[in-house]
Amino acid sequence: MSDAPLVTLEKVSYFYPRAVEPALRDVDLVIPRGQILALVGPTGAGKTTLCLTLNGVVPQFHGGRFFGAVRVGGDDTVEQPIHRLAARVGMVFQDPDTQLVSASVENEVAFALENLGLPAAEIRARVKSALAAVRLAEFAHKHPHDLSGGQQQRLAFAAALALRPDLIVLDEPVSQLDPRSASELFALVAETNRSHGVAFVITGHAAAELAETAHRVVVLLGGRIVADGRPDEIYADAGLLARANLRPPEVTSVFAHLAKRGVCAAGVAPVRLGDAIRALAGLPRARPYAPPEPDFAVNGLPILALRNVEHVYPDGTAALRGVGLDLFRGDYALIIGQNGAGKSTLLKHLLNLLRPTAGEVLIDGAPLARQSVAELARRIGYVPQNPDRQIFNPTVEAEVGFSLVPLRLPPKESARRIDAALRALKLEAHRRVHPFALSKGDRARVVIAAVLVMEPEVLVFDEPTTGQDEAGSRAILDLTRELHAAGRTIVVVTHHLHLMPGYARRAIVMGGGRVLLDAPLREAYHALEVLESTHLAPTQAVALARAAHADSRALTPEELADSFDRPPEGLLVMPGGKEGAA
Amino acid sequence: MNVPRFQTVARSTVFSRLDFRAKLAIFLTLTVVGAGWSDPRHASALLAGVGVACVGVGIPWPYLRLMLRVMAPFGLLMLFTHGFFNKEHVARLVGVEANGLTPLVTLPEAWWLIGGAQMTVEGVWYGTGVFCRSLMLLLLVPLCVFTTHPDRLVLGLVRLRVPYKIVFVFSSSLRFFPLIFDEIRAVMETQRLRGYALEEMGALQRVRVYARIAVPVILGAMFKAQQIEVVLQSKAFSGSPARTYLHDARLRPSDWWAIAASAVVCGAGVWAAVRLGFGRFGAD
């Protein structure tokens, strides 16, 4: 194998057509063969743009102004046609829906190979080995859309792998996957890197998985590389993380908190769960941590209730099986479960978009089916995952007011509600701006304001933090907390379990169309067997807490750090387990 | 995952296993023969045959019902126009004078402009034939396309020397349109979730709401189209015909038999229609 670097970016700057600000500024980057590089940064930092320079889509497809040079295996990505570069650089995108272009699994893997004009026998051999590598061989004749989200991403990976490229780029590959599917994909990356020596560039906000898998982390901010180092170096730099809106892996946070409390030495903290568990051996023994659970505010009748609800889709899929559930006024409930567990179907029943095949859904004790979707919308506000489907108007103000038109309120009352919603979402400055001129995070806030303006009693958030960076996620979740404090009932569906302590009070764990557990958040997060049964992994903080003490019920890095006593004066423990002088 | 896709039929039948080129031969034969059969008895028999074939190969009944619903106003229009207005042509076909046709309905003389207009039995009968032929031709599309795996369809057309770029655009639209329809459905659902009771609105209000839907749908479609374009480029797609295929598309004996039988039926049908007047309206 050649010692020459696989990828070289020299002083790369790039402006999208009509853009005033560059998406990339003076980027210099060298990626050796066989390296797994994590490209991290806040939303809009230029991660996707940088990825697209690697296969020539930027600037060849998008146009714009491009400066500098990108070389992959010696080929200049501006000079080589994109379809030739595709043989060297495999791409896996975020959205399985648009990246699968064929009507069968095997044809999906074969598509790029056919375009390259490989002999049929060679294509067959590569399809077979790629599908075997991602464990999809038995689905070769299925339609890609019949696969789960995790399987679809593995299929996209297989299609890239079949090219036998030098480099595979994965752009936010797990943002729509449940934790188990995300882990499987990252395991596949590590395995492929080991067995085939393929280099990877991976973008995303999944700090824990990136830290586990990557050899190197590059931080982009405003189109510039602001840091470049090993995962333990990057994730230990609290200042850098704060500046770039990044969240470290939870285990790293635990050791940062321990260092602050003087339990262990400050410095390089473990970034991988396995290393962190090993490092526990050098710490004082943890105390069991089990704070009393706060009381649920359960007042009288549930506002929403499901009684033995079953739902069978026309194709025979039983999505809900005897679901019984009460949601009370003032609840903040989290619904979790693997993809296909029945969460979306459950939400659709709460919104009357689907009717139960058996059983009933009640609102304030009366059948919910008696109300139309539109009537119900005034009581139950729904914030979808994709805000762009909710935007119809030319200004933020008009968009927020659009929901009030059917209510036929007096103009003064409408104006009052619009002002209040814009204020709550900090959108007053954007009142006259077109919603599509805002960032995705801000568009999500516009949609929340448009729901809030109807003053619904219940707010349902469907994957509100998908595609959001740390600051965007926190901003949305902080808002849910404010709304909850103001008396609203909140329901959140998310895969991002680590973000929810401090917000949700109750977790409903779903699996196979059933409610497997309905318990306070702490109890649910520590119900490891139940989580396992629906293919959910515990958060790193929970896993580390249980490794620290079997009776620990800590939920967050802070709580876990609190369960350790400071060692005797003058003795600090290094995270690696060695002792050192203070 | 509940993702929309172009309608396909999962059931494996003798017909669905045929190569697309063989199906195309059957399609062309029935089109040619059907075009010559203006007699409603022949046209309806052909329609019944194609309808039975559609059910037999597993075209879902809701889809067939939808087609019937969409075509029903067209059918009424055919009966109406041919019944009332196509007198000269119909009379020529049955070999009588225009005023020799059998009246079915006569509008009262006192009616302004249309008073005294007459709907004829022969005109209605002829209109029935036209409708049956049109519906038969329309049913041939799902019969041949839905029973063919999209990848096989592409391969079949490429082997027929249709330029790959055109074939790809065709097959992509099969994939893209369901996504657009899903986008429209999702946006309309969103409107309902914003408190707009579309089912309770008057026509004008609905039009206003639909006009607003255009914004996110068009933006969504453009965004998706661009995403798909980037994906295709990343998968080495260049539209070049110099590409290879995972599967071979050799015609099997059953395909050759179907093509040969189609050719014979087509020839015999044309001969019988031209020389014997078989299937011609008013021939007996």
# chains A, B, ... in the order shown; residues from 1 in each chain; ligands from 1
>>> residues_around(residues="stretch 557-559 of chain A", least_positions_apart="5", cutoff="9 Å", atoms="only C-alpha atoms", output="MDAnalysis selection string")
chainID A and resid 250:258 289 540:542 545
>>> closest_atom_pairs(of="chain B", to="chain A", cutoff="9 Å", atoms="only C-alpha atoms", output="tab-separated table")
residue	atom	partner	partner_atom	distance
B:Met1	CA	A:Ser148	CA	6.2
B:Asn2	CA	A:His145	CA	7.7
B:Val3	CA	A:His145	CA	6.3
B:Pro4	CA	A:His145	CA	8.4
B:Arg5	CA	A:His145	CA	8.2
B:His149	CA	A:Ala103	CA	7.5
B:Pro150	CA	A:Ala103	CA	6.3
B:Asp151	CA	A:Ala103	CA	6.5
B:Ser172	CA	A:Val101	CA	8.0
B:Arg175	CA	A:Val101	CA	7.9
B:Glu183	CA	A:Arg389	CA	8.0
B:Ala186	CA	A:Arg389	CA	7.3
B:Val187	CA	A:Arg389	CA	5.5
B:Glu189	CA	A:Leu353	CA	8.2
B:Thr190	CA	A:Gln390	CA	6.1
B:Gln191	CA	A:Gln390	CA	7.5
B:Arg192	CA	A:Ala374	CA	5.0
B:Leu193	CA	A:Ala377	CA	5.3
B:Arg194	CA	A:Ser403	CA	5.4
B:Gly195	CA	A:Ala374	CA	4.0
B:Tyr196	CA	A:Ala374	CA	5.4
B:Ala197	CA	A:Ala374	CA	5.0
B:Leu198	CA	A:Ala374	CA	8.4
B:Arg212	CA	A:Phe392	CA	5.7
B:Ile213	CA	A:Phe392	CA	6.5
B:Ala214	CA	A:Phe392	CA	8.3
B:Val215	CA	A:Phe392	CA	6.0
B:Pro216	CA	A:Arg389	CA	5.9
B:Val217	CA	A:Arg389	CA	7.8
B:Leu219	CA	A:Asp388	CA	8.8
B:Gly220	CA	A:Arg389	CA	7.8
B:Lys224	CA	A:Thr98	CA	7.0
B:Ala225	CA	A:Thr98	CA	8.8
B:Gln227	CA	A:Thr98	CA	6.8
B:Ile228	CA	A:Thr98	CA	5.8
B:Glu229	CA	A:Phe61	CA	8.9
B:Val230	CA	A:Val57	CA	7.0
B:Val231	CA	A:Gln99	CA	5.7
B:Leu232	CA	A:Val101	CA	8.0
B:Gln233	CA	A:His83	CA	6.0
B:Ser234	CA	A:Ala86	CA	5.5
B:Lys235	CA	A:Ala112	CA	4.7
B:Ala236	CA	A:His83	CA	3.7
B:Phe237	CA	A:Asn115	CA	5.6
B:Ser238	CA	A:His83	CA	6.3
B:Gly239	CA	A:Asn115	CA	8.2
B:Ser240	CA	A:Asn115	CA	7.8
B:Pro241	CA	A:Asn115	CA	8.8
B:Ala242	CA	A:Gly117	CA	6.6
B:Arg243	CA	A:Gly117	CA	4.4
B:Thr244	CA	A:Glu114	CA	4.7
B:Tyr245	CA	A:Glu114	CA	5.4
B:Leu246	CA	A:Ala120	CA	5.2
B:His247	CA	A:Ala120	CA	7.2
B:Asp248	CA	A:Ala120	CA	8.3
>>> atom_distance(atom1="atom CA of A:Pro5", atom2="atom CA of A:Ala214")
17.5 Å
>>> residues_around(residues="B:Leu101", least_positions_apart="2", cutoff="9 Å", atoms="only C-alpha atoms", output="compact mmCIF listing (two decimals) with all heavy atoms, in the first residue's frame")
# COMPACT_ATOMS: atom_id res chain seq x y z
N LYS B 87 -74.74 11.53 -35.24
CA LYS B 87 -75.77 10.83 -36.01
C LYS B 87 -75.29 10.44 -37.41
O LYS B 87 -75.52 9.31 -37.86
CB LYS B 87 -77.01 11.71 -36.10
CG LYS B 87 -77.75 11.76 -34.77
CD LYS B 87 -79.03 12.52 -34.91
CE LYS B 87 -79.68 12.60 -33.54
NZ LYS B 87 -80.70 13.63 -33.50
N VAL B 90 -72.74 7.49 -37.32
CA VAL B 90 -73.37 6.24 -36.88
C VAL B 90 -74.34 5.74 -37.95
O VAL B 90 -74.38 4.54 -38.26
CB VAL B 90 -74.10 6.46 -35.52
CG1 VAL B 90 -74.95 5.25 -35.15
CG2 VAL B 90 -73.08 6.73 -34.42
N ALA B 91 -75.09 6.65 -38.54
CA ALA B 91 -76.06 6.25 -39.57
C ALA B 91 -75.33 5.63 -40.77
O ALA B 91 -75.78 4.63 -41.32
CB ALA B 91 -76.87 7.46 -40.01
N VAL B 94 -74.32 2.06 -39.90
CA VAL B 94 -75.41 1.06 -39.90
C VAL B 94 -76.16 1.04 -41.24
O VAL B 94 -77.05 0.22 -41.46
CB VAL B 94 -76.42 1.28 -38.74
CG1 VAL B 94 -75.77 1.02 -37.41
CG2 VAL B 94 -77.01 2.66 -38.77
N VAL B 96 -78.10 3.48 -42.81
CA VAL B 96 -79.43 4.11 -42.91
C VAL B 96 -79.26 5.62 -43.02
O VAL B 96 -78.15 6.15 -42.84
CB VAL B 96 -80.32 3.78 -41.68
CG1 VAL B 96 -80.61 2.29 -41.59
CG2 VAL B 96 -79.65 4.29 -40.39
N GLU B 97 -80.33 6.33 -43.24
CA GLU B 97 -80.31 7.78 -43.22
C GLU B 97 -80.25 8.26 -41.76
O GLU B 97 -80.68 7.54 -40.86
CB GLU B 97 -81.59 8.33 -43.87
CG GLU B 97 -81.68 8.08 -45.36
CD GLU B 97 -80.60 8.83 -46.13
OE1 GLU B 97 -80.34 10.00 -45.78
OE2 GLU B 97 -80.00 8.24 -47.06
N ALA B 98 -79.76 9.47 -41.55
CA ALA B 98 -79.65 9.99 -40.18
C ALA B 98 -80.99 10.00 -39.47
O ALA B 98 -81.09 9.72 -38.27
CB ALA B 98 -79.06 11.40 -40.20
N ASN B 99 -82.04 10.29 -40.22
CA ASN B 99 -83.35 10.33 -39.54
C ASN B 99 -83.97 8.93 -39.41
O ASN B 99 -85.07 8.77 -38.90
CB ASN B 99 -84.29 11.30 -40.24
CG ASN B 99 -84.42 10.97 -41.72
OD1 ASN B 99 -83.97 9.89 -42.15
ND2 ASN B 99 -85.01 11.86 -42.49
N PRO B 103 -84.99 6.45 -32.18
CA PRO B 103 -84.90 7.42 -31.07
C PRO B 103 -85.00 6.72 -29.70
O PRO B 103 -85.77 5.77 -29.55
CB PRO B 103 -86.10 8.34 -31.29
CG PRO B 103 -87.02 7.59 -32.19
CD PRO B 103 -86.24 6.56 -32.93
N THR B 120 -80.13 8.70 -29.84
CA THR B 120 -80.51 7.50 -30.59
C THR B 120 -79.94 6.24 -29.95
O THR B 120 -78.90 6.28 -29.29
CB THR B 120 -79.98 7.58 -32.03
OG1 THR B 120 -78.55 7.58 -31.99
CG2 THR B 120 -80.47 8.83 -32.74
N VAL B 121 -80.65 5.15 -30.16
CA VAL B 121 -80.21 3.85 -29.62
C VAL B 121 -78.87 3.47 -30.24
O VAL B 121 -77.94 3.06 -29.54
CB VAL B 121 -81.29 2.76 -29.93
CG1 VAL B 121 -80.76 1.37 -29.55
CG2 VAL B 121 -82.57 3.05 -29.19
N GLU B 122 -78.74 3.66 -31.55
CA GLU B 122 -77.51 3.28 -32.24
C GLU B 122 -76.33 4.14 -31.75
O GLU B 122 -75.21 3.63 -31.59
CB GLU B 122 -77.67 3.44 -33.76
CG GLU B 122 -78.60 2.46 -34.41
CD GLU B 122 -80.07 2.91 -34.31
OE1 GLU B 122 -80.35 3.93 -33.64
OE2 GLU B 122 -80.94 2.24 -34.89
N GLY B 123 -76.61 5.43 -31.51
CA GLY B 123 -75.56 6.32 -31.03
C GLY B 123 -75.07 5.90 -29.66
O GLY B 123 -73.86 5.85 -29.39
>>> closest_residue(among="B:Val9, B:Ala53, B:Val207, B:Met71", to="B:Cys132", atoms="only C-alpha atoms")
B:Met71
>>> residues_around(residues="A:His526", least_positions_apart="4", cutoff="10 Å", atoms="only C-alpha atoms", output="compact mmCIF listing (two decimals) with N, CA and C atoms, in the first residue's frame")
# COMPACT_ATOMS: atom_id res chain seq x y z
N LEU A 521 -38.95 8.22 34.78
CA LEU A 521 -37.81 8.18 33.85
C LEU A 521 -36.64 7.37 34.40
N ARG A 522 -36.32 7.61 35.69
CA ARG A 522 -35.14 6.95 36.28
C ARG A 522 -35.32 5.44 36.26
N VAL A 530 -35.66 -4.55 30.01
CA VAL A 530 -36.78 -4.07 29.17
C VAL A 530 -36.22 -3.32 27.97
N LEU A 531 -35.23 -2.46 28.22
CA LEU A 531 -34.63 -1.71 27.12
C LEU A 531 -34.02 -2.66 26.10
N PRO A 538 -28.87 1.30 27.04
CA PRO A 538 -28.93 2.34 28.07
C PRO A 538 -27.98 3.48 27.68
N THR A 539 -28.23 4.66 28.23
CA THR A 539 -27.31 5.76 27.97
C THR A 539 -25.96 5.43 28.60
N VAL A 542 -25.93 5.84 32.36
CA VAL A 542 -26.59 4.74 33.09
C VAL A 542 -25.69 3.50 33.09
N ALA A 543 -25.12 3.18 31.93
CA ALA A 543 -24.26 1.99 31.86
C ALA A 543 -23.07 2.14 32.81
N ALA A 545 -22.94 4.09 35.47
CA ALA A 545 -23.44 4.10 36.86
C ALA A 545 -23.61 2.67 37.35
N ARG A 546 -24.17 1.80 36.50
CA ARG A 546 -24.38 0.42 36.93
C ARG A 546 -23.05 -0.31 37.08
N ASP A 551 -26.33 -0.90 42.52
CA ASP A 551 -27.57 -0.27 43.01
C ASP A 551 -27.67 1.19 42.62
N SER A 552 -26.73 1.66 41.83
CA SER A 552 -26.79 3.07 41.45
C SER A 552 -27.95 3.30 40.49
N ARG A 553 -28.65 4.37 40.70
CA ARG A 553 -29.73 4.75 39.77
C ARG A 553 -29.47 6.16 39.23
N ALA A 554 -28.19 6.52 39.12
CA ALA A 554 -27.82 7.83 38.56
C ALA A 554 -28.26 7.89 37.10
N LEU A 555 -28.69 9.07 36.70
CA LEU A 555 -29.17 9.24 35.32
C LEU A 555 -28.22 10.09 34.49
>>> residues_around(residues="stretch 167-177 of chain A", least_positions_apart="2", cutoff="9 Å", atoms="only C-alpha atoms", output="number ranges by chain")
A: 6-7, 33-34, 47-48, 51-52, 54, 72, 88-96, 149-150, 153, 157, 160-161, 164-165, 179-183, 185-186, 198-206, 338-339, 463, 466-467, 495
>>> atom_distance(atom1="atom CA of A:Glu360", atom2="atom CA of A:Leu452")
27.1 Å
>>> atom_distance(atom1="atom CA of A:Gly342", atom2="atom CA of A:Gly513")
4.7 Å
>>> closest_residue(among="A:Ala444, A:Ala341, A:Val30, A:Leu483", to="A:Ser533", atoms="only C-alpha atoms")
A:Ala341
>>> select_by_dssp(residues="stretch 10-109 of chain A", states="strand (DSSP E)", output="ChimeraX atom specification")
/A:10-15,24-31,36-40,65-72,75-76,89-92
>>> select_by_dssp(residues="stretch 97-237 of chain B", states="alpha helix (DSSP H)", output="number ranges by chain")
B: 121-145, 150-159, 164-193, 203-234
